[in-house]
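Participant: This is entry-v7.cif, which holds mmCIF, C-alpha atoms and all ligand atoms:
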data_entry
#
loop_
_atom_site.label_atom_id
_atom_site.label_comp_id
_atom_site.auth_asym_id
_atom_site.auth_seq_id
_atom_site.Cartn_x
_atom_site.Cartn_y
_atom_site.Cartn_z
CA PHE D 1 10.95 -16.70 -32.69
CA GLN D 2 7.24 -16.03 -32.67
CA THR D 3 4.88 -14.41 -35.11
CA GLY D 4 1.32 -13.43 -34.41
CA VAL D 5 -1.31 -10.77 -34.08
CA LEU D 6 0.77 -8.74 -31.61
CA ASP D 7 4.06 -9.02 -33.47
CA GLY D 8 6.50 -6.27 -32.51
CA LEU D 9 4.14 -4.60 -30.04
CA ARG D 10 4.99 -3.87 -26.41
CA VAL D 11 2.27 -4.99 -24.03
CA THR D 12 2.25 -4.14 -20.33
CA ILE D 13 -0.06 -6.18 -18.11
CA THR D 14 -0.82 -5.69 -14.43
CA ALA D 15 -1.82 -8.76 -12.42
CA GLY D 16 -2.58 -9.96 -8.93
CA PRO D 17 -3.54 -8.06 -5.80
CA THR D 18 -1.88 -5.07 -4.21
CA ARG D 19 -0.90 -5.03 -0.54
CA GLU D 20 -1.35 -1.82 1.39
CA ALA D 21 0.74 -1.86 4.55
CA ILE D 22 -0.80 -1.04 7.94
CA ASP D 23 2.34 -1.74 9.98
CA PRO D 24 5.47 -3.92 9.47
CA VAL D 25 3.43 -7.16 9.77
CA ARG D 26 -0.09 -6.33 8.48
CA TYR D 27 -1.69 -5.21 5.24
CA ILE D 28 -5.00 -4.73 3.38
CA SER D 29 -5.42 -6.85 0.24
CA ASN D 30 -7.94 -8.90 -1.78
CA HIS D 31 -8.50 -12.37 -3.27
CA SER D 32 -6.84 -11.89 -6.66
CA SER D 33 -4.56 -14.85 -7.45
CA GLY D 34 -3.01 -13.29 -10.56
CA LYS D 35 -4.20 -16.19 -12.75
CA MET D 36 -6.13 -14.02 -15.23
CA GLY D 37 -3.31 -11.51 -15.71
CA TYR D 38 -0.63 -14.22 -16.01
CA ALA D 39 -2.75 -16.08 -18.59
CA LEU D 40 -3.01 -12.84 -20.57
CA ALA D 41 0.76 -12.33 -20.34
CA GLU D 42 1.34 -15.83 -21.68
CA ALA D 43 -1.18 -15.36 -24.51
CA CYS D 44 0.30 -11.98 -25.50
CA ALA D 45 3.81 -13.46 -25.61
CA GLU D 46 2.51 -16.34 -27.77
CA ALA D 47 1.00 -13.72 -30.08
CA GLY D 48 4.43 -12.16 -30.60
CA ALA D 49 4.34 -9.22 -28.17
CA ARG D 50 7.18 -8.07 -25.92
CA VAL D 51 5.42 -8.47 -22.59
CA THR D 52 6.07 -6.73 -19.28
CA LEU D 53 4.07 -8.22 -16.41
CA ILE D 54 3.78 -5.94 -13.38
CA SER D 55 2.72 -8.29 -10.63
CA GLY D 56 1.48 -8.04 -7.08
CA PRO D 57 2.30 -10.94 -4.74
CA THR D 58 1.22 -14.27 -6.30
CA GLN D 59 2.20 -17.95 -6.17
CA LEU D 60 2.53 -18.24 -9.95
CA PRO D 61 5.59 -18.93 -12.12
CA THR D 62 6.56 -16.27 -14.66
CA PRO D 63 5.30 -17.27 -18.15
CA ALA D 64 7.97 -17.95 -20.80
CA HIS D 65 9.39 -14.91 -22.65
CA VAL D 66 7.75 -12.46 -20.21
CA THR D 67 9.60 -9.79 -18.20
CA ARG D 68 8.16 -9.64 -14.70
CA ILE D 69 8.37 -6.71 -12.30
CA ASP D 70 7.22 -7.42 -8.73
CA ILE D 71 5.41 -4.75 -6.71
CA ASN D 72 3.41 -4.62 -3.49
CA SER D 73 1.43 -1.39 -3.24
CA ALA D 74 -0.70 0.56 -5.69
CA GLN D 75 1.82 3.41 -5.53
CA ASP D 76 4.64 1.02 -6.53
CA LEU D 77 2.42 -0.31 -9.32
CA LEU D 78 1.88 3.18 -10.68
CA ALA D 79 5.63 3.96 -10.66
CA ALA D 80 6.40 0.71 -12.54
CA ALA D 81 3.59 1.31 -15.06
CA LEU D 82 4.80 4.84 -15.84
CA GLU D 83 8.25 3.39 -16.66
CA GLN D 84 6.78 0.75 -19.01
CA PRO D 85 3.51 2.03 -20.52
CA GLY D 86 3.82 -0.16 -23.64
CA ASP D 87 1.77 0.19 -26.84
CA ILE D 88 -1.07 -1.71 -25.17
CA PHE D 89 -1.74 -1.56 -21.42
CA ILE D 90 -3.98 -4.23 -19.84
CA GLY D 91 -5.09 -3.71 -16.22
CA ALA D 92 -5.96 -7.12 -14.78
CA ALA D 93 -4.62 -6.32 -11.30
CA ALA D 94 -7.06 -5.92 -8.44
CA VAL D 95 -5.69 -2.61 -7.16
CA ALA D 96 -6.71 -1.46 -3.69
CA ASP D 97 -8.75 1.73 -4.03
CA TYR D 98 -7.67 2.90 -0.54
CA ARG D 99 -4.55 2.59 1.59
CA PRO D 100 -3.90 3.41 5.26
CA GLN D 101 -3.15 7.11 5.62
CA SER D 102 0.11 6.31 7.42
CA ILE D 103 2.13 3.13 7.94
CA ALA D 104 3.01 2.52 11.59
CA GLN D 105 6.79 2.16 12.06
CA GLN D 106 6.34 -0.52 14.72
CA LYS D 107 3.82 -3.35 15.07
CA LEU D 108 0.56 -1.90 16.40
CA LYS D 109 -0.24 -3.13 19.90
CA LYS D 110 -3.61 -3.69 21.53
CA GLN D 111 -4.64 -0.86 23.85
CA GLY D 112 -6.71 -1.08 27.05
CA ASP D 113 -9.11 -3.93 27.74
CA ALA D 114 -11.19 -6.26 25.54
CA THR D 115 -13.72 -3.50 24.69
CA ASP D 116 -10.97 -1.52 22.94
CA GLU D 117 -11.75 -0.46 19.33
CA MET D 118 -9.43 0.66 16.57
CA THR D 119 -10.14 2.90 13.58
CA LEU D 120 -7.97 2.87 10.46
CA GLN D 121 -7.94 6.08 8.45
CA LEU D 122 -7.79 5.30 4.72
CA VAL D 123 -6.94 7.58 1.80
CA ARG D 124 -7.55 7.08 -1.92
CA ASN D 125 -4.95 5.36 -4.05
CA PRO D 126 -4.08 6.63 -7.52
CA ASP D 127 -6.10 5.03 -10.32
CA ILE D 128 -3.35 3.40 -12.36
CA ILE D 129 -5.20 2.64 -15.57
CA ALA D 130 -6.97 6.03 -15.63
CA THR D 131 -3.56 7.70 -15.20
CA MET D 132 -2.08 5.68 -18.07
CA ALA D 133 -5.07 6.45 -20.33
CA SER D 134 -4.69 10.19 -19.66
CA LEU D 135 -1.00 10.41 -20.63
CA SER D 136 -0.34 12.62 -23.64
CA ASN D 137 1.16 9.59 -25.40
CA ALA D 138 -1.33 7.14 -23.88
CA PRO D 139 -1.09 3.42 -24.63
CA PHE D 140 -4.21 1.58 -25.89
CA CYS D 141 -5.80 0.86 -22.50
CA VAL D 142 -7.83 -2.26 -21.70
CA GLY D 143 -9.36 -2.47 -18.23
CA PHE D 144 -11.31 -5.02 -16.26
CA ALA D 145 -14.42 -4.25 -14.24
CA ALA D 146 -14.88 -6.59 -11.29
CA GLU D 147 -18.39 -6.11 -9.94
CA THR D 148 -20.87 -7.91 -7.70
CA GLU D 149 -23.92 -6.04 -9.10
CA ASN D 150 -24.94 -3.85 -12.06
CA LEU D 151 -22.04 -5.39 -14.02
CA LEU D 152 -22.58 -3.92 -17.47
CA ALA D 153 -23.68 -0.47 -16.32
CA TYR D 154 -20.61 -0.12 -14.07
CA ALA D 155 -18.35 -1.52 -16.82
CA ARG D 156 -19.68 1.04 -19.29
CA SER D 157 -19.18 3.88 -16.84
CA LYS D 158 -15.55 2.72 -16.30
CA LEU D 159 -15.04 2.73 -20.08
CA THR D 160 -15.92 6.41 -20.36
CA ARG D 161 -14.75 7.72 -16.97
CA LYS D 162 -11.29 6.08 -17.19
CA LYS D 163 -11.01 6.74 -20.97
CA LEU D 164 -10.51 3.04 -21.80
CA LYS D 165 -10.80 1.46 -25.26
CA LEU D 166 -12.20 -1.80 -23.98
CA VAL D 167 -13.50 -3.07 -20.64
CA ILE D 168 -13.64 -6.75 -19.72
CA ALA D 169 -16.57 -7.09 -17.34
CA ASN D 170 -16.15 -9.75 -14.69
CA ASP D 171 -18.99 -10.88 -12.40
CA VAL D 172 -17.15 -11.50 -9.13
CA SER D 173 -20.31 -12.40 -7.17
CA ARG D 174 -19.96 -15.93 -8.63
CA THR D 175 -17.48 -18.26 -6.94
CA ASP D 176 -17.03 -20.54 -10.00
CA ILE D 177 -15.42 -17.72 -12.02
CA GLY D 178 -13.49 -14.50 -11.35
CA PHE D 179 -11.22 -14.29 -8.31
CA ASN D 180 -8.86 -17.23 -7.79
CA SER D 181 -10.75 -19.78 -9.95
CA ASP D 182 -9.22 -21.52 -12.98
CA GLU D 183 -12.12 -20.51 -15.20
CA ASN D 184 -13.69 -17.22 -16.11
CA ALA D 185 -16.56 -15.78 -18.14
CA VAL D 186 -16.67 -12.14 -19.20
CA THR D 187 -18.48 -9.58 -21.31
CA LEU D 188 -16.39 -7.30 -23.51
CA VAL D 189 -17.68 -3.75 -23.47
CA THR D 190 -16.62 -1.18 -26.08
CA ALA D 191 -18.08 2.14 -27.23
CA SER D 192 -19.82 0.30 -30.05
CA GLY D 193 -21.19 -2.82 -28.37
CA GLU D 194 -20.91 -5.85 -26.13
CA GLU D 195 -19.78 -9.44 -26.58
CA THR D 196 -20.12 -12.22 -24.02
CA LEU D 197 -17.47 -14.95 -23.78
CA ASN D 198 -18.97 -17.70 -21.62
CA THR D 199 -17.15 -19.92 -19.15
CA ARG D 200 -13.81 -21.39 -20.24
CA SER D 201 -10.33 -21.80 -18.73
CA LYS D 202 -8.51 -18.53 -18.06
CA ARG D 203 -5.82 -19.76 -20.45
CA GLN D 204 -8.30 -20.20 -23.31
CA LEU D 205 -10.15 -17.01 -22.40
CA ALA D 206 -6.86 -15.09 -22.48
CA ARG D 207 -6.20 -16.31 -26.04
CA ASP D 208 -9.72 -15.34 -27.11
CA LEU D 209 -9.33 -11.92 -25.47
CA VAL D 210 -5.94 -11.32 -27.11
CA ALA D 211 -7.45 -11.90 -30.58
CA ARG D 212 -10.11 -9.28 -29.86
CA ILE D 213 -7.72 -6.81 -28.22
CA ALA D 214 -5.38 -7.06 -31.25
CA ASP D 215 -8.32 -6.41 -33.60
CA ALA D 216 -9.53 -3.42 -31.59
CA TYR D 217 -5.96 -2.04 -31.43
CA GLN D 218 -5.50 -2.28 -35.21
CA GLN D 219 -8.90 -0.65 -35.83
CA ASP D 220 -8.05 2.16 -33.43
CA ARG D 221 -4.68 2.79 -35.11
CA ALA D 222 -6.32 2.84 -38.55
CA LYS D 223 -8.56 5.76 -37.50
O1 LIG D 301 -6.35 -12.66 -10.31
P1 LIG D 301 -7.46 -13.69 -10.49
O2 LIG D 301 -7.67 -14.51 -9.22
O3 LIG D 301 -7.26 -14.55 -11.71
O4 LIG D 301 -8.84 -12.91 -10.69
C1 LIG D 301 -9.04 -12.14 -11.84
C2 LIG D 301 -9.68 -10.80 -11.51
C3 LIG D 301 -11.13 -11.03 -11.06
C4 LIG D 301 -8.90 -10.06 -10.41
C5 LIG D 301 -9.59 -9.97 -12.84
O5 LIG D 301 -10.22 -10.67 -13.87
C6 LIG D 301 -10.22 -8.60 -12.67
O6 LIG D 301 -11.42 -8.39 -12.81
N1 LIG D 301 -9.33 -7.58 -12.37
C7 LIG D 301 -9.72 -6.23 -12.06
C8 LIG D 301 -10.08 -6.17 -10.60
C9 LIG D 301 -10.44 -4.77 -10.21
O7 LIG D 301 -9.77 -4.17 -9.39
O8 LIG D 301 -11.48 -4.23 -10.81
P2 LIG D 301 -12.08 -2.76 -10.55
O9 LIG D 301 -13.44 -2.82 -11.16
O10 LIG D 301 -11.95 -2.37 -9.11
O11 LIG D 301 -11.11 -1.83 -11.39
C10 LIG D 301 -11.38 -1.44 -12.73
C11 LIG D 301 -10.11 -1.31 -13.52
O12 LIG D 301 -9.32 -0.24 -13.02
C12 LIG D 301 -9.22 -2.54 -13.52
O13 LIG D 301 -8.61 -2.67 -14.80
C13 LIG D 301 -8.17 -2.21 -12.44
O14 LIG D 301 -6.94 -2.87 -12.70
C14 LIG D 301 -8.05 -0.70 -12.60
N2 LIG D 301 -7.71 0.03 -11.36
C15 LIG D 301 -8.54 0.00 -10.28
C16 LIG D 301 -8.24 0.76 -9.16
C17 LIG D 301 -7.05 1.52 -9.14
N3 LIG D 301 -6.71 2.24 -8.08
N4 LIG D 301 -6.24 1.52 -10.23
C18 LIG D 301 -6.55 0.79 -11.33
O15 LIG D 301 -5.80 0.80 -12.32
#
Would you encode the structure as structure tokens?
Ligand code: PMT

Facilitator:
Amino acid sequence: FQTGVLDGLRVTITAGPTREAIDPVRYISNHSSGKMGYALAEACAEAGARVTLISGPTQLPTPAHVTRIDINSAQDLLAAALEQPGDIFIGAAAVADYRPQSIAQQKLKKQGDATDEMTLQLVRNPDIIATMASLSNAPFCVGFAAETENLLAYARSKLTRKKLKLVIANDVSRTDIGFNSDENAVTLVTASGEETLNTRSKRQLARDLVARIADAYQQDRAK
């Protein structure tokens, strides 16, 4: 039995990469390991929440007291999220913005000689967190912004454009933090201000983020 700042709340967290199939053996993906999202799931469960972790393919064990739903594509992720919106929705997954327009039924084969070129037609994926934040009964939505430049400006534009309550801005141009590292440093961006949490383990950062997310959630509900 646990008590804490998220007691009795349902929290849904997305984590890891998505895989967008090209053919039966190939896909488009990214470097997300899932570590940040899994650390958040663990910290939310420790804080007393009922946690659903919607996870792309990762190598990580499921944290204790967390219900995990495995997905591959962004479209699968959206379907799972709509079934479990939670009271608080945290989007830590690195969702592919585009997917191949069609998935080849058979393995694609090389054509012609060595000068042959291939073009993949891509179409936009749904924006999962923006969809969740626009529901009539929307959960309290917390997004990440993974950027290699103009970090805070892009984070702030995601806050308003996607109708998020809080954006966790992540500088992914650095190799010591962000994708696949054990540590991270972020800036929290809200409508009223910014707060920087400098480098620490993702596990510790997750606990520090959960305290702030719980605060922001309670303040929002009190409005
Ligand atoms: O998994 P790790 O190796 O631990 O790395 C952690 C991380 C760098 C992946 C993580 O901290 C992080 O920043 N995750 C968000 C990555 C991302 O896709 O950022 P974005 O700026 O492209 O997206 C902004 C927000 O919209 C995110 O909350 C994302 O989950 C969400 N999104 C994006 C696209 C899309 N189609 N649907 C979404 O819901």

Participant: From (2.2, -6.3, -32.9), in the file's coordinates, out to 12 Å: which residues are reached, counting all atoms listed in the file? Answer as a PyMOL selection string.

Facilitator: chain D and resi 2-11+44-51+86-88+210-211+213-215+217-218+221

Participant: Take the residues that were just selected and, keeping C-alpha atoms, output them as a compact mmCIF listing (two decimals), keeping the file's coordinate frame.

Facilitator:
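Generated output (selection_14.txt):
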# COMPACT_ATOMS: atom_id res chain seq x y z
CA GLN D 2 7.24 -16.03 -32.67
CA THR D 3 4.88 -14.41 -35.11
CA GLY D 4 1.32 -13.43 -34.41
CA VAL D 5 -1.31 -10.77 -34.08
CA LEU D 6 0.77 -8.74 -31.61
CA ASP D 7 4.06 -9.02 -33.47
CA GLY D 8 6.50 -6.27 -32.51
CA LEU D 9 4.14 -4.60 -30.04
CA ARG D 10 4.99 -3.87 -26.41
CA VAL D 11 2.27 -4.99 -24.03
CA CYS D 44 0.30 -11.98 -25.50
CA ALA D 45 3.81 -13.46 -25.61
CA GLU D 46 2.51 -16.34 -27.77
CA ALA D 47 1.00 -13.72 -30.08
CA GLY D 48 4.43 -12.16 -30.60
CA ALA D 49 4.34 -9.22 -28.17
CA ARG D 50 7.18 -8.07 -25.92
CA VAL D 51 5.42 -8.47 -22.59
CA GLY D 86 3.82 -0.16 -23.64
CA ASP D 87 1.77 0.19 -26.84
CA ILE D 88 -1.07 -1.71 -25.17
CA VAL D 210 -5.94 -11.32 -27.11
CA ALA D 211 -7.45 -11.90 -30.58
CA ILE D 213 -7.72 -6.81 -28.22
CA ALA D 214 -5.38 -7.06 -31.25
CA ASP D 215 -8.32 -6.41 -33.60
CA TYR D 217 -5.96 -2.04 -31.43
CA GLN D 218 -5.50 -2.28 -35.21
CA ARG D 221 -4.68 2.79 -35.11

Participant: Just the number, please: distance in Å from CA of Asn137 in chain D to CA of Leu82 in chain D, one decimal.

Facilitator: 11.3 Å

Participant: Can you build me a table of chain D residues sitting at most 6 Å from ligand LIG 301 (chain D), with the closest atom pair per residue and its distance in Å to one decimal, using all atoms listed in the file, sorted by chain and residue number, as CSV?

Facilitator:
residue,atom,partner,partner_atom,distance
D:Gly16,CA,D:LIG301,O1,4.8
D:Ser32,CA,D:LIG301,O2,3.8
D:Ser33,CA,D:LIG301,O2,3.6
D:Gly34,CA,D:LIG301,O1,3.4
D:Lys35,CA,D:LIG301,O3,3.6
D:Met36,CA,D:LIG301,O3,3.7
D:Gly91,CA,D:LIG301,O13,3.9
D:Ala92,CA,D:LIG301,N1,4.2
D:Ala93,CA,D:LIG301,O14,4.4
D:Ala94,CA,D:LIG301,O7,3.4
D:Val95,CA,D:LIG301,C16,4.7
D:Ala96,CA,D:LIG301,N3,5.7
D:Asp97,CA,D:LIG301,N3,4.6
D:Asn125,CA,D:LIG301,N3,5.4
D:Pro126,CA,D:LIG301,N3,5.1
D:Asp127,CA,D:LIG301,N4,3.5
D:Ile128,CA,D:LIG301,O15,3.6
D:Ile129,CA,D:LIG301,O15,3.8
D:Gly143,CA,D:LIG301,O13,3.5
D:Phe144,CA,D:LIG301,O13,3.9
D:Ala145,CA,D:LIG301,O9,3.5
D:Ala146,CA,D:LIG301,O9,4.0
D:Asn170,CA,D:LIG301,O6,5.3
D:Gly178,CA,D:LIG301,C3,4.2
D:Phe179,CA,D:LIG301,O4,3.6
D:Asn180,CA,D:LIG301,O2,3.3

Participant: Find the residues near Thr190 in chain D: any atom within 9 Å, counting all atoms listed in the file, skip ones fewer than 4 places away on the same chain, and give them as a list in words.

Facilitator: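 Those residues are Arg156, Leu159, Leu164, Lys165, Leu166, Val167, Ile168, Glu194 and Glu195 of chain D.
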
Participant: Check the smallest atom-to-atom distance from each of D:Thr18, D:Asn150, D:Ser134, D:Thr199 to Asp182 in chain D using only C-alpha atoms, then report the winner.

Facilitator: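 Closest residue, counting only C-alpha atoms: D:Thr199.
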
Participant: Check the smallest atom-to-atom distance from each of D:Ile71, D:Ile90, D:Val189, D:Ala81 to Leu40 in chain D using only C-alpha atoms, then report the winner.

Facilitator: D:Ile90

Participant: Using only C-alpha atoms, which residues sit within 12 Å of Pro24 in chain D once same-chain residues fewer than 3 positions away are excluded, as number ranges by chain?

Facilitator: D: 19-21, 27, 102-109

Participant: Distance CA of Ala79 in chain D-CA of Val25 in chain D, one decimal place?

Facilitator: 23.4 Å

Participant: Find the residue from D:Glu42, D:Asp208, D:Glu147, D:Glu83 that sits nearest to Ala64 in chain D; use all atoms listed in the file when measuring.

Facilitator: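 Going through D:Glu42, D:Asp208, D:Glu147, D:Glu83 one by one, the smallest distance to Ala64 in chain D is for D:Glu42.
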